[in-house]
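**Student:** As input, take query_34.tsv (TSV, C-alpha atoms and all ligand atoms):
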```tsv
chain	number	residue	atom	x	y	z
A	31	MET	CA	2.34	22.69	5.97
A	32	ALA	CA	1.37	20.53	3.02
A	33	GLU	CA	4.76	21.11	1.45
A	34	LYS	CA	6.54	20.33	4.72
A	35	ASP	CA	4.57	17.13	5.30
A	36	PHE	CA	5.35	15.89	1.87
A	37	GLN	CA	9.10	16.28	2.32
A	38	ALA	CA	9.71	14.86	5.79
A	39	SER	CA	9.66	11.32	7.10
A	40	LEU	CA	6.16	10.68	8.25
A	41	PHE	CA	3.94	8.06	9.75
A	42	LYS	CA	0.34	8.94	10.45
A	43	ASN	CA	-2.85	7.06	11.21
A	44	GLU	CA	-6.40	8.23	11.64
A	45	GLU	CA	-9.90	6.78	11.89
A	46	PHE	CA	-11.35	6.55	8.43
A	47	LEU	CA	-14.02	3.86	7.90
A	48	SER	CA	-16.57	2.45	10.32
A	49	GLN	CA	-16.53	-1.27	11.09
A	50	ASP	CA	-19.72	-1.67	9.03
A	51	GLU	CA	-18.09	0.02	6.06
A	52	CYS	CA	-15.04	-2.23	6.39
A	53	THR	CA	-17.28	-5.28	6.46
A	54	LYS	CA	-19.19	-4.06	3.40
A	55	PHE	CA	-16.07	-3.36	1.31
A	56	ALA	CA	-14.34	-6.54	2.48
A	57	GLN	CA	-17.37	-8.60	1.41
A	58	ILE	CA	-17.32	-7.05	-2.05
A	59	ALA	CA	-13.57	-7.62	-2.31
A	60	PHE	CA	-13.81	-11.27	-1.26
A	61	SER	CA	-16.72	-11.84	-3.62
A	62	ASN	CA	-14.51	-10.60	-6.48
A	63	ALA	CA	-11.44	-12.55	-5.35
A	64	HIS	CA	-11.68	-14.83	-8.39
A	65	LEU	CA	-10.69	-11.80	-10.51
A	66	CYS	CA	-7.46	-11.25	-8.58
A	67	ILE	CA	-4.00	-11.19	-10.09
A	68	VAL	CA	-2.24	-14.05	-8.34
A	69	ARG	CA	1.38	-13.34	-7.51
A	70	SER	CA	1.99	-16.48	-5.43
A	71	SER	CA	0.10	-18.86	-3.17
A	72	ARG	CA	0.21	-16.15	-0.51
A	73	TYR	CA	-0.29	-12.87	-2.38
A	74	LYS	CA	-2.98	-11.73	-4.74
A	75	PHE	CA	-4.26	-8.38	-5.91
A	76	LEU	CA	-7.55	-6.85	-6.93
A	77	GLY	CA	-6.06	-3.99	-8.89
A	78	TYR	CA	-2.79	-4.12	-10.79
A	79	PRO	CA	0.07	-2.64	-8.73
A	80	PHE	CA	2.50	-0.70	-10.88
A	81	ASP	CA	5.56	-2.07	-9.08
A	82	TYR	CA	4.32	-5.63	-9.55
A	83	ALA	CA	3.66	-4.96	-13.23
A	84	SER	CA	7.06	-3.40	-13.79
A	85	ILE	CA	9.02	-6.05	-11.87
A	86	TYR	CA	7.16	-9.26	-12.66
A	87	GLY	CA	4.41	-8.96	-15.21
A	88	GLY	CA	5.31	-6.22	-17.65
A	89	HIS	CA	2.92	-3.34	-18.12
A	90	ASN	CA	-0.29	-4.58	-19.67
A	91	ALA	CA	-2.68	-1.77	-20.63
A	92	ASP	CA	-5.72	-4.06	-20.92
A	93	MET	CA	-5.12	-5.49	-17.46
A	94	VAL	CA	-4.74	-2.00	-16.01
A	95	ASP	CA	-7.96	-0.84	-17.67
A	96	GLY	CA	-9.88	-3.95	-16.61
A	97	HIS	CA	-8.85	-3.64	-12.99
A	98	ASN	CA	-9.43	0.11	-12.95
A	99	GLN	CA	-12.97	-0.40	-14.23
A	100	LEU	CA	-13.59	-2.97	-11.51
A	101	ILE	CA	-12.25	-0.67	-8.78
A	102	GLN	CA	-14.32	2.24	-10.12
A	103	SER	CA	-17.54	0.26	-10.40
A	104	GLU	CA	-17.31	-1.76	-7.16
A	105	PHE	CA	-15.32	0.60	-4.95
A	106	GLY	CA	-15.93	4.05	-6.47
A	107	GLU	CA	-17.31	5.29	-3.15
A	108	LEU	CA	-14.21	4.13	-1.25
A	109	LEU	CA	-11.89	5.64	-3.82
A	110	GLU	CA	-13.72	8.95	-3.60
A	111	ARG	CA	-13.44	8.92	0.19
A	112	VAL	CA	-9.69	8.37	-0.03
A	113	ARG	CA	-9.36	11.07	-2.63
A	114	SER	CA	-11.25	13.68	-0.63
A	115	TYR	CA	-9.39	12.68	2.55
A	116	PHE	CA	-6.02	13.51	1.00
A	117	GLU	CA	-7.35	16.63	-0.71
A	118	GLY	CA	-8.44	17.84	2.71
A	119	TYR	CA	-5.25	16.77	4.45
A	120	PHE	CA	-2.80	18.29	1.97
A	121	GLN	CA	-5.08	21.01	0.56
A	122	GLU	CA	-4.17	19.92	-2.93
A	123	LYS	CA	-6.04	18.38	-5.80
A	124	VAL	CA	-5.76	14.58	-6.12
A	125	VAL	CA	-5.54	13.44	-9.74
A	126	THR	CA	-5.49	10.12	-11.61
A	127	GLN	CA	-3.69	9.13	-14.79
A	128	ASP	CA	-5.17	7.09	-17.63
A	129	GLY	CA	-3.28	3.85	-18.05
A	130	LEU	CA	-1.99	3.86	-14.47
A	131	SER	CA	-3.57	1.59	-11.86
A	132	LEU	CA	-5.93	2.97	-9.27
A	133	PRO	CA	-5.51	1.92	-5.61
A	134	GLY	CA	-6.64	-1.63	-4.96
A	135	PHE	CA	-6.78	-4.56	-2.58
A	136	ASN	CA	-3.95	-6.73	-1.38
A	137	PHE	CA	-4.88	-10.19	-0.11
A	138	PHE	CA	-2.13	-11.67	2.07
A	139	GLU	CA	-2.65	-15.22	3.16
A	140	ILE	CA	-0.90	-15.95	6.46
A	141	PRO	CA	-0.47	-19.64	7.39
A	142	PRO	CA	-1.35	-20.79	10.93
A	143	CYS	CA	1.04	-19.68	13.71
A	144	THR	CA	3.22	-17.66	11.36
A	145	LEU	CA	4.95	-14.30	11.31
A	146	LEU	CA	5.09	-12.93	7.77
A	147	ASP	CA	8.62	-12.68	6.33
A	148	THR	CA	10.28	-9.32	6.86
A	149	PHE	CA	11.29	-7.26	3.84
A	150	TYR	CA	12.58	-3.73	4.47
A	151	HIS	CA	12.32	-1.43	1.48
A	152	LEU	CA	11.43	2.08	0.36
A	153	ASP	CA	8.39	2.52	-1.88
A	154	ASP	CA	10.01	4.18	-4.85
A	155	HIS	CA	9.13	3.46	-8.47
A	156	LYS	CA	9.63	6.93	-9.86
A	157	LYS	CA	12.17	5.92	-12.46
A	158	GLU	CA	9.84	3.34	-14.02
A	159	LEU	CA	6.88	5.72	-13.76
A	160	ALA	CA	8.83	8.54	-15.41
A	161	THR	CA	9.79	6.23	-18.29
A	162	ARG	CA	6.21	5.06	-18.83
A	163	PHE	CA	4.54	8.44	-18.34
A	164	PRO	CA	7.05	11.03	-19.62
A	165	LEU	CA	4.41	13.77	-19.77
A	166	LEU	CA	3.99	13.68	-15.98
A	167	ARG	CA	7.38	15.36	-15.32
A	168	ILE	CA	8.34	12.99	-12.52
A	169	THR	CA	11.79	13.68	-11.09
A	170	PRO	CA	13.84	11.58	-8.64
A	171	GLU	CA	12.99	14.25	-6.04
A	172	SER	CA	9.18	14.04	-6.49
A	173	PRO	CA	7.93	13.04	-3.01
A	174	THR	CA	5.82	9.90	-2.70
A	175	LEU	CA	3.59	8.65	0.06
A	176	SER	CA	2.03	5.23	0.62
A	177	PHE	CA	-1.29	4.58	2.32
A	178	THR	CA	-2.94	1.44	3.67
A	179	ILE	CA	-6.39	0.78	5.09
A	180	LEU	CA	-6.76	-2.52	6.91
A	181	MET	CA	-10.17	-3.95	6.05
A	182	ASN	CA	-10.43	-6.89	8.41
A	183	GLU	CA	-9.08	-8.01	11.75
A	184	PRO	CA	-9.11	-11.78	11.90
A	185	LYS	CA	-9.13	-13.31	15.37
A	186	ASP	CA	-5.72	-13.84	17.01
A	187	HIS	CA	-4.06	-11.87	14.26
A	188	SER	CA	-2.10	-8.64	14.45
A	189	SER	CA	-0.89	-6.75	11.47
A	190	GLY	CA	0.67	-3.44	10.62
A	191	LEU	CA	4.01	-2.01	9.67
A	192	THR	CA	7.50	-2.12	11.09
A	193	TYR	CA	9.73	0.76	10.09
A	194	PHE	CA	12.90	2.80	10.44
A	195	ASP	CA	13.51	6.38	9.48
A	196	ARG	CA	15.09	6.45	6.03
A	197	ASN	CA	18.47	7.47	7.45
A	198	ASP	CA	18.46	5.26	10.52
A	199	PRO	CA	21.79	3.36	10.41
A	200	ILE	CA	20.25	0.12	11.72
A	201	GLY	CA	17.48	0.32	9.16
A	202	ARG	CA	19.97	0.85	6.36
A	203	LYS	CA	21.93	-2.11	7.56
A	204	ALA	CA	18.77	-4.24	7.63
A	205	ALA	CA	17.84	-3.18	4.11
A	206	GLY	CA	21.30	-4.19	2.91
A	207	HIS	CA	20.77	-7.79	4.00
A	208	LYS	CA	19.00	-10.52	2.13
A	209	GLN	CA	15.34	-10.87	3.01
A	210	GLU	CA	15.84	-14.15	4.88
A	211	ASN	CA	18.38	-12.46	7.18
A	212	GLN	CA	16.36	-9.36	7.95
A	213	LYS	CA	14.27	-10.82	10.78
A	214	HIS	CA	17.09	-10.10	13.27
A	215	TYR	CA	16.39	-6.40	12.84
A	216	LEU	CA	12.68	-6.59	13.58
A	217	GLY	CA	13.22	-5.87	17.27
A	218	PHE	CA	15.07	-2.64	16.50
A	219	SER	CA	12.35	-1.19	14.31
A	220	ARG	CA	9.21	0.66	15.33
A	221	LEU	CA	5.99	-1.30	15.11
A	222	GLN	CA	2.65	0.21	14.21
A	223	ILE	CA	-0.28	-2.15	14.58
A	224	TYR	CA	-3.15	-1.32	12.26
A	225	LYS	CA	-6.80	-1.25	13.30
A	226	ALA	CA	-9.47	-2.10	10.77
A	227	GLY	CA	-10.90	1.08	9.28
A	228	GLU	CA	-7.94	3.34	10.04
A	229	ILE	CA	-6.06	5.01	7.25
A	230	ASN	CA	-2.30	4.72	7.72
A	231	PHE	CA	0.21	6.58	5.61
A	232	HIS	CA	3.93	6.93	5.52
A	233	GLN	CA	6.71	8.38	3.47
A	234	ASN	CA	10.47	8.20	3.46
A	235	LEU	CA	10.45	5.20	5.77
A	236	LEU	CA	12.26	1.93	5.39
A	237	HIS	CA	9.40	-0.38	6.09
A	238	SER	CA	8.14	-3.92	6.07
A	239	VAL	CA	4.66	-5.39	6.30
A	240	TYR	CA	4.06	-6.96	9.69
A	241	ALA	CA	1.49	-9.73	10.05
A	242	LYS	CA	1.35	-12.32	12.78
A	243	ASN	CA	-1.18	-15.11	12.82
A	244	ASN	CA	-1.40	-16.75	16.24
A	245	SER	CA	-4.36	-18.95	15.36
A	246	GLN	CA	-4.46	-22.54	14.13
A	247	LEU	CA	-6.20	-21.49	10.91
A	248	LYS	CA	-4.87	-19.73	7.88
A	249	GLN	CA	-6.01	-16.12	7.66
A	250	THR	CA	-6.27	-13.49	4.99
A	251	ARG	CA	-5.17	-9.96	5.72
A	252	LEU	CA	-7.06	-7.63	3.42
A	253	THR	CA	-5.87	-4.08	2.79
A	254	PHE	CA	-6.85	-1.30	0.42
A	255	GLN	CA	-3.75	0.57	-0.56
A	256	GLY	CA	-1.97	2.86	-2.93
A	257	HIS	CA	0.47	5.73	-3.31
A	258	LEU	CA	0.42	9.47	-3.86
A	259	LEU	CA	3.07	11.22	-5.91
A	260	LYS	CA	3.38	14.98	-5.66
A	261	LEU	CA	3.54	16.59	-9.09
A	262	ASP	CA	2.99	20.06	-10.53
A	263	GLU	CA	-0.51	19.00	-11.64
A	264	GLY	CA	-1.51	17.80	-8.14
A	265	LEU	CA	-1.21	14.62	-6.08
A	266	LEU	CA	-1.25	11.66	-8.42
A	267	ILE	CA	-3.02	8.71	-6.82
A	268	PHE	CA	-2.12	5.22	-8.03
A	269	TRP	CA	-1.06	1.79	-6.95
A	301	FE	FE	6.08	-0.90	0.74
```
Using structure tokens, write down the structure that the file contains.
Ligand SMILES: [Fe+2]
**Tutor:**
Amino acid sequence: MAEKDFQASLFKNEEFLSQDECTKFAQIAFSNAHLCIVRSSRYKFLGYPFDYASIYGGHNADMVDGHNQLIQSEFGELLERVRSYFEGYFQEKVVTQDGLSLPGFNFFEIPPCTLLDTFYHLDDHKKELATRFPLLRITPESPTLSFTILMNEPKDHSSGLTYFDRNDPIGRKAAGHKQENQKHYLGFSRLQIYKAGEINFHQNLLHSVYAKNNSQLKQTRLTFQGHLLKLDEGLLIFW
């Protein structure tokens, strides 16, 4: 079953953290927000996402180590929960890799009365990972999975994921368009609204973050997220 789940298209969500736990972790994350990597006025990260590093920032070992230490010391309990959840779900060992970022927090700032821009993509950075970590024996076929835990539910805000199966012809068409023209396809995709505390994971889906702020105030959508990559040595967890 584990093997099967890791090959097929999949979306799954399950209760994971209590509301009190979400509040506790969100408070720690917000109190460390000054340590975030700022990507733009709307996106910042506690943790150093590998795709961000490889596309925008270049891989910086000191930054990776610094953020990993922070995640370990402030959120070690959360990380351990995620790790044991996936070990139980897939009946496989979850492993980490020195020099590769641990899961972390994404802070999305959503202006008042705004729907976040749509961007359909597949989460796939295996080529860059294989180049940086040749000993891991990553192949283009190594299955990957992405997980997200929503930590807060601001008032008058809904957030989640819109998605198409990887081979859905409409989804492929959407992904072929420029980001600013992808909104037309939103209505054809499936929408999964996240609840704070649930763990959501998906693989092989063309997907886009969905976040809609109906209030008159700006809001921050806080998620803890990362990826799992199936390798001979186990499930590599990273972000
Ligand atoms: Fe993604």
**Student:** Rounded to one decimal, what separation in Å do you get between CA of Leu145 in chain A and CA of Lys208 in chain A?
**Tutor:** 17.2 Å
**Student:** Which residue, A:Asn211, A:Ser219, A:Asn136, A:Thr161, has the smallest gap to ligand FE 301 (chain A) when you use only C-alpha atoms and all ligand atoms?
**Tutor:** A:Asn136
**Student:** Counting all atoms listed in the file, which residues have an atom no more than 6 Å from (-14.4, -4.1, -3.9) in the file's coordinates? Please list them as a list in words.
**Tutor:**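 Within 6 Å of (-14.4, -4.1, -3.9), the protein and nucleic acid residues are Phe55, Ile58, Ala59, Glu104 and Phe105 of chain A.
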**Student:** Please identify every residue of chain A that has at least one atom no farther than 12 Å from an atom of ligand FE 301 (chain A), counting only C-alpha atoms and all ligand atoms, and for each give the shortest atom pair and the distance in Å to one decimal, arranged by chain then increasing number, as CSV.
**Tutor:**
```
residue,atom,partner,partner_atom,distance
A:Pro79,CA,A:FE301,FE,11.4
A:Asp81,CA,A:FE301,FE,9.9
A:Tyr82,CA,A:FE301,FE,11.5
A:Asn136,CA,A:FE301,FE,11.8
A:Thr148,CA,A:FE301,FE,11.2
A:Phe149,CA,A:FE301,FE,8.8
A:Tyr150,CA,A:FE301,FE,8.0
A:His151,CA,A:FE301,FE,6.3
A:Leu152,CA,A:FE301,FE,6.1
A:Asp153,CA,A:FE301,FE,4.9
A:Asp154,CA,A:FE301,FE,8.5
A:His155,CA,A:FE301,FE,10.6
A:Thr174,CA,A:FE301,FE,11.3
A:Leu175,CA,A:FE301,FE,9.9
A:Ser176,CA,A:FE301,FE,7.3
A:Phe177,CA,A:FE301,FE,9.3
A:Thr178,CA,A:FE301,FE,9.8
A:Gly190,CA,A:FE301,FE,11.5
A:Leu191,CA,A:FE301,FE,9.2
A:Thr192,CA,A:FE301,FE,10.5
A:Tyr193,CA,A:FE301,FE,10.2
A:Phe231,CA,A:FE301,FE,10.7
A:His232,CA,A:FE301,FE,9.4
A:Gln233,CA,A:FE301,FE,9.7
A:Asn234,CA,A:FE301,FE,10.5
A:Leu235,CA,A:FE301,FE,9.0
A:Leu236,CA,A:FE301,FE,8.2
A:His237,CA,A:FE301,FE,6.3
A:Ser238,CA,A:FE301,FE,6.5
A:Val239,CA,A:FE301,FE,7.3
A:Tyr240,CA,A:FE301,FE,11.0
A:Gln255,CA,A:FE301,FE,10.0
A:Gly256,CA,A:FE301,FE,9.6
A:His257,CA,A:FE301,FE,9.6
A:Trp269,CA,A:FE301,FE,10.8
```
**Student:** Limited to C-alpha atoms, could you put the picked residues into a file as a CSV table (one decimal), in the coordinates of the input?
**Tutor:**
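What follows is the written file result-v2.csv:
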```
chain,number,residue,atom,x,y,z
A,79,PRO,CA,0.1,-2.6,-8.7
A,81,ASP,CA,5.6,-2.1,-9.1
A,82,TYR,CA,4.3,-5.6,-9.6
A,136,ASN,CA,-4.0,-6.7,-1.4
A,148,THR,CA,10.3,-9.3,6.9
A,149,PHE,CA,11.3,-7.3,3.8
A,150,TYR,CA,12.6,-3.7,4.5
A,151,HIS,CA,12.3,-1.4,1.5
A,152,LEU,CA,11.4,2.1,0.4
A,153,ASP,CA,8.4,2.5,-1.9
A,154,ASP,CA,10.0,4.2,-4.8
A,155,HIS,CA,9.1,3.5,-8.5
A,174,THR,CA,5.8,9.9,-2.7
A,175,LEU,CA,3.6,8.6,0.1
A,176,SER,CA,2.0,5.2,0.6
A,177,PHE,CA,-1.3,4.6,2.3
A,178,THR,CA,-2.9,1.4,3.7
A,190,GLY,CA,0.7,-3.4,10.6
A,191,LEU,CA,4.0,-2.0,9.7
A,192,THR,CA,7.5,-2.1,11.1
A,193,TYR,CA,9.7,0.8,10.1
A,231,PHE,CA,0.2,6.6,5.6
A,232,HIS,CA,3.9,6.9,5.5
A,233,GLN,CA,6.7,8.4,3.5
A,234,ASN,CA,10.5,8.2,3.5
A,235,LEU,CA,10.4,5.2,5.8
A,236,LEU,CA,12.3,1.9,5.4
A,237,HIS,CA,9.4,-0.4,6.1
A,238,SER,CA,8.1,-3.9,6.1
A,239,VAL,CA,4.7,-5.4,6.3
A,240,TYR,CA,4.1,-7.0,9.7
A,255,GLN,CA,-3.8,0.6,-0.6
A,256,GLY,CA,-2.0,2.9,-2.9
A,257,HIS,CA,0.5,5.7,-3.3
A,269,TRP,CA,-1.1,1.8,-7.0
```
**Student:** Select, from A:Thr144, A:Ser84, A:Ser70, A:Asn62, the residue with the minimum atom-to-atom distance to Ser103 in chain A, counting all atoms listed in the file.
**Tutor:**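 Using all atoms listed in the file, Ser103 in chain A sits closest to A:Asn62.
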**Student:** Give me the residues near Cys52 in chain A as a short mmCIF file (atom, residue, chain, number, x, y, z; two decimals) with C-alpha atoms, in the coordinates of the input, where near means some atom within 8 Å (using all atoms listed in the file) and where sequence neighbours in that chain fewer than 4 positions away do not count.
**Tutor:**
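Once written, selection_34.cif looks like this:
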```
data_model
loop_
_atom_site.label_atom_id
_atom_site.label_comp_id
_atom_site.auth_asym_id
_atom_site.auth_seq_id
_atom_site.Cartn_x
_atom_site.Cartn_y
_atom_site.Cartn_z
CA LEU A 47 -14.02 3.86 7.90
CA SER A 48 -16.57 2.45 10.32
CA ALA A 56 -14.34 -6.54 2.48
CA MET A 181 -10.17 -3.95 6.05
CA ASN A 182 -10.43 -6.89 8.41
CA ALA A 226 -9.47 -2.10 10.77
CA GLY A 227 -10.90 1.08 9.28
#
```
**Student:** Looking at A:Phe36, A:Val94, A:Ala204, A:Asp262, which one is nearest to Ile168 in chain A, with distances taken over all atoms listed in the file?
**Tutor:**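 Smallest separation from Ile168 in chain A among the options: A:Asp262.
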**Student:** Give me the residues within 12 Å of range 67-69 of chain A as a compact mmCIF listing (two decimals) with C-alpha atoms, keeping the file's coordinate frame, counting only C-alpha atoms and dropping any in the same chain fewer than 2 places off.
**Tutor:**
```txt
# COMPACT_ATOMS: atom_id res chain seq x y z
CA ASN A 62 -14.51 -10.60 -6.48
CA ALA A 63 -11.44 -12.55 -5.35
CA HIS A 64 -11.68 -14.83 -8.39
CA LEU A 65 -10.69 -11.80 -10.51
CA SER A 71 0.10 -18.86 -3.17
CA ARG A 72 0.21 -16.15 -0.51
CA TYR A 73 -0.29 -12.87 -2.38
CA LYS A 74 -2.98 -11.73 -4.74
CA PHE A 75 -4.26 -8.38 -5.91
CA LEU A 76 -7.55 -6.85 -6.93
CA GLY A 77 -6.06 -3.99 -8.89
CA TYR A 78 -2.79 -4.12 -10.79
CA PRO A 79 0.07 -2.64 -8.73
CA TYR A 82 4.32 -5.63 -9.55
CA ALA A 83 3.66 -4.96 -13.23
CA ILE A 85 9.02 -6.05 -11.87
CA TYR A 86 7.16 -9.26 -12.66
CA GLY A 87 4.41 -8.96 -15.21
CA MET A 93 -5.12 -5.49 -17.46
CA VAL A 94 -4.74 -2.00 -16.01
CA GLY A 96 -9.88 -3.95 -16.61
CA HIS A 97 -8.85 -3.64 -12.99
CA GLY A 134 -6.64 -1.63 -4.96
CA PHE A 135 -6.78 -4.56 -2.58
CA ASN A 136 -3.95 -6.73 -1.38
CA PHE A 137 -4.88 -10.19 -0.11
CA PHE A 138 -2.13 -11.67 2.07
CA GLU A 139 -2.65 -15.22 3.16
```
**Student:** Have a look at A:Lys157, A:Arg162, A:Arg251, A:Lys42 and name the one nearest to Leu130 in chain A; count all atoms listed in the file.
**Tutor:**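 Among A:Lys157, A:Arg162, A:Arg251, A:Lys42, it is A:Arg162 that comes nearest to Leu130 in chain A.
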**Student:** Which one is closest to Asn243 in chain A: A:Gly264, A:Pro184, A:Gly206, A:Gly88? Count only C-alpha atoms.
**Tutor:**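 With only C-alpha atoms as the atom set, the closest residue is A:Pro184.
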**Student:** Once you add 3 Å to each side, what are the centre and edge lengths of the axis-aligned box holding all listed atoms of range 188-196 of chain A? One decimal in Å, as lines of an AutoDock Vina configuration file, if you can.
**Tutor:**
```
center_x = 6.5
center_y = -1.1
center_z = 10.2
size_x = 23.2
size_y = 21.1
size_z = 14.4
```
**Student:** Pick the closest to Glu228 in chain A from A:Glu263, A:Glu210, A:Glu183, A:Asp92: which is it, counting all atoms listed in the file?
**Tutor:**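 Of A:Glu263, A:Glu210, A:Glu183, A:Asp92, the one nearest Glu228 in chain A, counting all atoms listed in the file, is A:Glu183.
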**Student:** Could you work out how far CA of Pro141 in chain A lies from CA of Thr250 in chain A, giving the answer in Å with one decimal?
**Tutor:** 8.8 Å
**Student:** Quick one, how far is CA of Glu45 in chain A from CA of Ile229 in chain A?
**Tutor:**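 Separation of CA of Glu45 in chain A and CA of Ile229 in chain A: 6.3 Å.
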**Student:** With a distance cut-off of 7 Å and only C-alpha atoms, select the neighbouring residues of Ser189 in chain A, excluding the residue or stretch itself and same-chain residues fewer than 4 positions from it, and output the selection as a list of chain:residue names.
**Tutor:**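 Once the nearby chain positions are removed, what remains is A:Ile223, A:Tyr224, A:Tyr240, A:Ala241, A:Lys242.
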